[in-house]
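Novice: Once you've had a glance at the structure underneath, I'll fire off some questions.
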Amino acid sequence: MGSIMRKFCFFTALFCILISFLGCSGSSTENSEIKLIRVDGSSTLFPVTEAVAEEFQKQKQGKIRVTVGISGTGGGFKKFIRGEIDIANASRPILKEEMEQARANGIEYIELPVAFDALTVVVNKENNWVDWFSVEELKKVWEPEAQEKITRWNQIRPEFPDEKIALFGAGADSGTFDYFTDAIVGKPKASRGDYTASEDDNVLVQGIEGNKYSLGYIPFAYYEPHKDRMKAVPIKWDKNKIKEPVEPSLENVLKGIYNPLSRPLFIYVNKKSLETKPEVREFIEFYLKNASVLTREVKYLPLPDSAYEVCLQRLQKMQVGTAFGGVPEVGLSIEEIMSREPRL
């Protein structure tokens, strides 16, 4: 009886090992067939890249998976510079310190503009006293010196109500934060700190919708689906060729009159990923060839076709570097950006 039991235990153990081996082998085979592309960064660009990723994955019938994270432009660049992701979504160009860190880590990249955005100043739908803002008034509210000093609406204009302003804006890791502070205050990252900040624009939308005395700034694509519950504020800028306040709209961005808050959006692609992962090159080519249609679907403004052609040429030639030299610039046309030679 003991002998029979020992044989039974032996064959049972052998059977379990065989099943375990086959199971692991099957899992490994399955995982090896699904290729992974990692994207992270700007919440502003997220809707565009997510739309492109969904269409690309449909075309590839599940053989390639594209993950798109939202850690803010700065957070995305941190991961990109460490080599943790293949592509960084960015709502501003790469900064000098990020370029230096990338160089130190041996990370080379291709900078590709993919869409336009109209950064939008918004108030609650019940706000019936604001018709427009000047850039000077916005600076008065958002500059560092305003902290705990400019806190009530009637401090912006005497005719505004004597009510506390509920401020909402981008978090410090957001490219939207960098661009807004540069365009309005005159220096990137120069901002008061006593406001509700988030890299997730959906958090800001909810806050603005929920407070009658709110004032904030968000990407246009996050305003557009909620425009029945909040109000976009036209902006007047003395340096603009249009002297009247200009509404944020994709049409006004294309006309070049919504300044200084219109901006290009970028993807940065790791050169090594392009060289070692054919699926990354496939995805980027798909992105550039379909961005014109898919950006419109998510309420963004596509670049001119000629700009996407230049991007495809840069991709084919593997032209690494940035057209900005690590210094943010406001109010550039896409033609000027695309005419510059990228450099590391």
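Every chain in the structure tokens has a letter given in the order shown (A, B, ...), and although residue numbers restart at 1 in each chain, ligands are simply numbered from 1 in the order shown.
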Please provide the set of residues having any atom within 12 Å of Ser262 in chain A, restricted to only C-alpha atoms, with same-chain residues fewer than 2 positions apart removed, written as an MDAnalysis selection string.
Specialist: chainID A and resid 91:92 115:121 176 179:180 183:184 218:220 235 246:260 264:265 300:301 329:334
Novice: Could the residues in this selection be written to a file with C-alpha atoms, as a tab-separated table (two decimals), in the first residue's frame?
Specialist:
```tsv
chain	number	residue	atom	x	y	z
A	91	SER	CA	2.34	71.25	-23.04
A	92	ARG	CA	5.59	73.23	-23.11
A	115	ALA	CA	-1.55	70.24	-31.87
A	116	PHE	CA	-2.56	73.72	-30.67
A	117	ASP	CA	-4.32	74.68	-27.46
A	118	ALA	CA	-6.10	77.84	-26.31
A	119	LEU	CA	-5.33	78.14	-22.62
A	120	THR	CA	-8.63	79.35	-21.21
A	121	VAL	CA	-9.41	81.66	-18.27
A	176	THR	CA	0.13	74.59	-18.26
A	179	TYR	CA	3.14	78.47	-19.81
A	180	PHE	CA	0.47	80.48	-17.97
A	183	ALA	CA	2.59	84.41	-20.53
A	184	ILE	CA	0.75	86.30	-17.76
A	218	ILE	CA	-7.60	75.29	-17.87
A	219	PRO	CA	-6.88	73.91	-21.36
A	220	PHE	CA	-9.56	74.69	-23.94
A	235	ILE	CA	-8.56	88.37	-22.92
A	246	VAL	CA	-10.45	88.13	-27.80
A	247	GLU	CA	-12.43	85.00	-26.93
A	248	PRO	CA	-10.60	81.71	-26.53
A	249	SER	CA	-11.49	79.58	-29.54
A	250	LEU	CA	-9.66	77.27	-31.87
A	251	GLU	CA	-10.51	79.61	-34.76
A	252	ASN	CA	-8.90	82.58	-32.99
A	253	VAL	CA	-5.80	80.50	-32.27
A	254	LEU	CA	-5.50	79.65	-35.95
A	255	LYS	CA	-5.91	83.33	-36.87
A	256	GLY	CA	-3.08	84.17	-34.48
A	257	ILE	CA	-5.16	86.64	-32.46
A	258	TYR	CA	-5.70	84.76	-29.18
A	259	ASN	CA	-2.53	85.90	-27.47
A	260	PRO	CA	-0.61	85.38	-25.30
A	264	PRO	CA	1.62	74.41	-29.33
A	265	LEU	CA	1.59	70.97	-27.69
A	300	TYR	CA	-8.23	70.59	-30.24
A	301	LEU	CA	-6.81	72.46	-33.21
A	329	GLU	CA	8.84	81.34	-25.49
A	330	VAL	CA	5.34	82.79	-25.78
A	331	GLY	CA	3.37	83.72	-28.89
A	332	LEU	CA	5.40	81.86	-31.55
A	333	SER	CA	3.71	80.78	-34.78
A	334	ILE	CA	3.96	77.16	-35.83
```
Novice: Could you find all residues in range 223-325 of chain A that DSSP calls strand (DSSP E or B) from the backbone, and write them as a PyMOL selection string?
Specialist: chain A and resi 230-232+235-236+246+262-270+301+321-322
Novice: Need to verify the contact set: Ser273 in chain A, 10 Å, only C-alpha atoms, exclusion of same-chain residues closer than 3 positions in sequence. Can you return it as a list in words?
Specialist: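 Using only C-alpha atoms, the neighbours found are Ile37, Gly83, Ile85, Asp86, Ile87, Glu108, Tyr109, Val269, Asn270, Thr276, Lys277, Pro278, Glu279, Val280 and Arg281 of chain A.
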Novice: Could you give me the residues within range 81-259 of chain A that DSSP places in helix (DSSP H, G or I), as a PyMOL selection string?
Specialist: chain A and resi 81+96-104+135-142+144-146+153-155+175-185+201-209+220-226+250-255
Novice: Taking only C-alpha atoms into account, which of A:Ile94, A:Val233, A:Ala104, A:Ala53 comes nearest Pro342 in chain A?
Specialist: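 Of A:Ile94, A:Val233, A:Ala104, A:Ala53, the one nearest Pro342 in chain A, counting only C-alpha atoms, is A:Ile94.
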Novice: Contacts of Phe168 in chain A at 12 Å or less, counting only C-alpha atoms, minus same-chain residues fewer than 3 places along, as a short mmCIF file (atom, residue, chain, number, x, y, z; two decimals) with N, CA and C atoms, in the first residue's frame?
Specialist:
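Saved as part.cif:
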```
data_model
loop_
_atom_site.label_atom_id
_atom_site.label_comp_id
_atom_site.auth_asym_id
_atom_site.auth_seq_id
_atom_site.Cartn_x
_atom_site.Cartn_y
_atom_site.Cartn_z
N VAL A 121 -9.06 81.10 -19.58
CA VAL A 121 -9.41 81.66 -18.27
C VAL A 121 -10.92 81.51 -18.10
N VAL A 122 -11.33 80.92 -16.98
CA VAL A 122 -12.75 80.60 -16.79
C VAL A 122 -13.25 81.06 -15.43
N VAL A 123 -14.56 81.34 -15.39
CA VAL A 123 -15.26 81.66 -14.15
C VAL A 123 -16.52 80.80 -14.08
N ASN A 124 -17.15 80.80 -12.93
CA ASN A 124 -18.39 80.05 -12.74
C ASN A 124 -19.51 80.60 -13.63
N VAL A 141 -3.59 89.41 -10.19
CA VAL A 141 -4.17 88.33 -9.39
C VAL A 141 -3.17 87.21 -9.14
N TRP A 142 -2.37 86.83 -10.15
CA TRP A 142 -1.60 85.60 -10.08
C TRP A 142 -0.13 85.77 -9.74
N ILE A 165 -12.20 85.56 -3.69
CA ILE A 165 -11.95 84.83 -4.93
C ILE A 165 -11.53 83.40 -4.60
N GLY A 171 -1.02 72.67 -11.26
CA GLY A 171 0.02 72.37 -10.29
C GLY A 171 1.41 72.62 -10.86
N PHE A 177 0.99 75.23 -16.07
CA PHE A 177 1.47 76.16 -15.04
C PHE A 177 2.64 76.97 -15.57
N ARG A 192 1.59 83.01 -7.25
CA ARG A 192 1.15 82.90 -5.86
C ARG A 192 0.91 81.43 -5.55
N GLY A 193 0.95 81.07 -4.29
CA GLY A 193 0.77 79.66 -3.94
C GLY A 193 -0.52 79.36 -3.23
N ASP A 194 -1.29 80.39 -2.89
CA ASP A 194 -2.52 80.18 -2.12
C ASP A 194 -3.73 79.99 -3.03
N TYR A 195 -3.71 78.89 -3.77
CA TYR A 195 -4.83 78.55 -4.65
C TYR A 195 -4.94 77.03 -4.72
N THR A 196 -6.08 76.55 -5.18
CA THR A 196 -6.26 75.11 -5.37
C THR A 196 -5.53 74.68 -6.63
N ALA A 197 -4.49 73.87 -6.46
CA ALA A 197 -3.63 73.48 -7.59
C ALA A 197 -3.76 71.99 -7.86
N SER A 198 -3.72 71.62 -9.15
CA SER A 198 -3.75 70.21 -9.52
C SER A 198 -3.19 70.04 -10.93
N GLU A 199 -2.48 68.90 -11.13
CA GLU A 199 -2.05 68.52 -12.48
C GLU A 199 -3.18 67.84 -13.25
N ASP A 200 -4.25 67.51 -12.55
CA ASP A 200 -5.42 66.88 -13.17
C ASP A 200 -6.46 67.96 -13.46
N ASP A 201 -6.66 68.28 -14.72
CA ASP A 201 -7.56 69.37 -15.09
C ASP A 201 -9.01 69.08 -14.71
N ASN A 202 -9.37 67.81 -14.60
CA ASN A 202 -10.73 67.47 -14.20
C ASN A 202 -11.03 67.95 -12.77
N VAL A 203 -10.03 67.93 -11.91
CA VAL A 203 -10.18 68.43 -10.54
C VAL A 203 -10.48 69.93 -10.57
N LEU A 204 -9.76 70.66 -11.43
CA LEU A 204 -9.97 72.10 -11.55
C LEU A 204 -11.36 72.41 -12.09
N VAL A 205 -11.79 71.66 -13.09
CA VAL A 205 -13.13 71.85 -13.68
C VAL A 205 -14.20 71.71 -12.61
N GLN A 206 -14.11 70.67 -11.81
CA GLN A 206 -15.11 70.43 -10.76
C GLN A 206 -15.12 71.57 -9.74
N GLY A 207 -13.94 72.06 -9.38
CA GLY A 207 -13.85 73.15 -8.42
C GLY A 207 -14.44 74.44 -8.93
N ILE A 208 -14.18 74.75 -10.19
CA ILE A 208 -14.70 75.99 -10.80
C ILE A 208 -16.21 75.92 -10.94
N GLU A 209 -16.70 74.76 -11.33
CA GLU A 209 -18.15 74.59 -11.48
C GLU A 209 -18.88 74.68 -10.14
N GLY A 210 -18.19 74.37 -9.07
CA GLY A 210 -18.85 74.27 -7.77
C GLY A 210 -18.82 75.52 -6.92
N ASN A 211 -18.21 76.61 -7.42
CA ASN A 211 -18.10 77.82 -6.60
C ASN A 211 -18.43 79.05 -7.44
N TYR A 213 -17.84 82.08 -6.97
CA TYR A 213 -16.80 83.11 -6.97
C TYR A 213 -15.45 82.58 -7.43
N SER A 214 -15.50 81.51 -8.20
CA SER A 214 -14.26 80.89 -8.68
C SER A 214 -13.66 81.66 -9.86
N LEU A 215 -12.36 81.49 -10.00
CA LEU A 215 -11.59 82.00 -11.13
C LEU A 215 -10.44 81.03 -11.36
N GLY A 216 -10.27 80.58 -12.59
CA GLY A 216 -9.20 79.63 -12.85
C GLY A 216 -8.76 79.64 -14.30
N TYR A 217 -7.80 78.76 -14.60
CA TYR A 217 -7.35 78.59 -15.99
C TYR A 217 -7.16 77.11 -16.27
N ILE A 218 -7.64 76.69 -17.46
CA ILE A 218 -7.60 75.29 -17.87
C ILE A 218 -7.38 75.21 -19.38
#
```
Novice: Rank nothing, just name the residue among A:Tyr287, A:Asn240, A:Lys164, A:Leu312 nearest to Gln57 in chain A, using only C-alpha atoms.
Specialist: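 The closest residue to Gln57 in chain A is A:Tyr287.
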Novice: Identify which of the residues A:Glu285, A:Glu84, A:Glu55, A:Asp162 lies closest to Ile150 in chain A, counting only C-alpha atoms when measuring atom-to-atom distances.
Specialist: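 For Ile150 in chain A, the nearest of the candidates is A:Asp162.
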Novice: Mind pulling up the distance from CA of Lys271 in chain A to CA of Leu95 in chain A?
Specialist: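 These atoms are spaced 18.1 Å apart.
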Novice: Find the residue from A:Phe324, A:Phe46, A:Trp132, A:Phe56 that sits nearest to Gly69 in chain A; use only C-alpha atoms when measuring.
Specialist: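 Under the stated criterion, the closest residue is A:Phe46.
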Novice: Using only C-alpha atoms, can you tell me which of A:Leu36, A:Ala166, A:Val52, A:Val66 comes closest to Arg296 in chain A?
Specialist: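 Checking each candidate against Arg296 in chain A, we get A:Val52 as the closest.
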